[in-house]
Amino acid sequence: MRDIVIGDIHGCYDELILLLKEVGYSENDRIISVGDIVDRGPDSVKVYEFFRANPKHIVVMGNHENKHANQVLSYSQEIVKLQFGTQYKEFLEWIRNLPCYYETDSAIIVHAAIEPGFSLREQRKEVLIGSTSGEKYLTKKYGSDDWTSLYKDKKLVIFGHRVVGDKIQVYENNIYGIETGVCFGGYLSAVTLPDLKRFSVKASKNYWRAEMEKWQVPVLQSKPWRKYDLEKILKEISKVRNSKQLEVSEFISNVENWFQSLDSLYDEIKEALEFRASQILEQRGSESFIGAAKEYEYSIFLILARKNRLEVENLRNSLTTPEKIFQLSHRLGLQVQDPF
């Protein structure tokens, strides 16, 4: 049985299948992925299903899987979440059980790095998977010295994460870097064990560039605009305000108009609260006003209105998301448009 160690696949399913043909894959072989099987490429779901359906194969956790597991989603993860749809929860459960390293008789496989001088059990997860905190830790501790130059153990290490060029890079200290940038239009590469033969197939295009443009509108549409605080909405608008893609420009223009319309609601809400306070005062009298006001969830605003101390700024400080604005508007009987 051979072990076929494959670099970062990043959702490039077609290249995965081509590479396996190039290697001469058979059912007797075992595939070991260095991680980052998803994100950036077009077929993350297919790659996941391939490994999920073949439990003898091994996937080491990469920083991209870790982002999903921790729900720290940047653009590429937001795309994949949409691609998975109802399968996303199942995917999260699966990746949370991935190992941070895998050791065979002939090699150690990690996603990003190994801290020299420490056993595998002593390794930091953030170093192994290549998270930002792990990279900062290595830089702080070892300065400009790369871990590949400090590793002195005899056992072979195979890693991905860092694009090393169009070809597999072999470092002096018995280390193979096999991430050759398939999702950027480069290559998907593999090393077989124990014979250390190298294989690569060329990507048909720069998938990440195409995916970024293809998914921009769906990702924008999927964002929880109603739940964002108002400052977050402004930041999201500013990110794509100058987009040259017509659909993006139109969508974000609608968001911006909607956002600007929210500000006028504060004045309407203030007037409605003052009117509601006057009704309570008329119906229940001044002595019973506070008790009657406390029957409402927004009693603090009614009490301020009764004292002529309610200001729009009070509402802005409290109603910090569109959802909160709309909830109070509806409770006060105001008719407002809520496109999201």
# chains A, B, ... in the order shown; residues from 1 in each chain; ligands from 1
call {"tool": "residues_around", "arguments": {"residues": "region 283-291 of chain A", "least_positions_apart": "6", "cutoff": "9 Å", "atoms": "only C-alpha atoms", "output": "PyMOL selection string"}}
result
chain A and resi 277+299+302-303+306
call {"tool": "closest_residue", "arguments": {"among": "A:Ser44, A:Gln169, A:Ile9, A:Glu295", "to": "Val201 (chain A)", "atoms": "only C-alpha atoms"}}
result
A:Ile9
call {"tool": "select_by_dssp", "arguments": {"residues": "region 18-199 of chain A", "states": "helix (DSSP H, G or I)", "output": "MDAnalysis selection string"}}
result
chainID A and resid 18:23 44:52 63:70 75:95 120:122 125:129 132:142 147:150 182:184
call {"tool": "atom_distance", "arguments": {"atom1": "CA of Gly7 (chain A)", "atom2": "CA of Thr180 (chain A)"}}
result
7.4 Å
call {"tool": "residues_around", "arguments": {"residues": "Val312 (chain A)", "least_positions_apart": "3", "cutoff": "9 Å", "atoms": "only C-alpha atoms", "output": "PDB file with C-alpha atoms, in the first residue's frame"}}
result
ATOM      1  CA  TYR A 266     -35.521  57.802  14.879  1.00  0.00           C
ATOM      2  CA  ASP A 267     -37.591  60.988  14.580  1.00  0.00           C
ATOM      3  CA  ILE A 269     -40.110  56.647  16.736  1.00  0.00           C
ATOM      4  CA  LYS A 270     -39.570  59.642  19.052  1.00  0.00           C
ATOM      5  CA  LEU A 315     -32.700  56.191  20.594  1.00  0.00           C
ATOM      6  CA  ARG A 316     -29.505  56.096  18.515  1.00  0.00           C
ATOM      7  CA  ASN A 317     -27.501  54.904  21.512  1.00  0.00           C
TER       8      ASN A 317
END
call {"tool": "atom_distance", "arguments": {"atom1": "CA of Tyr142 (chain A)", "atom2": "CA of Met61 (chain A)"}}
result
23.9 Å
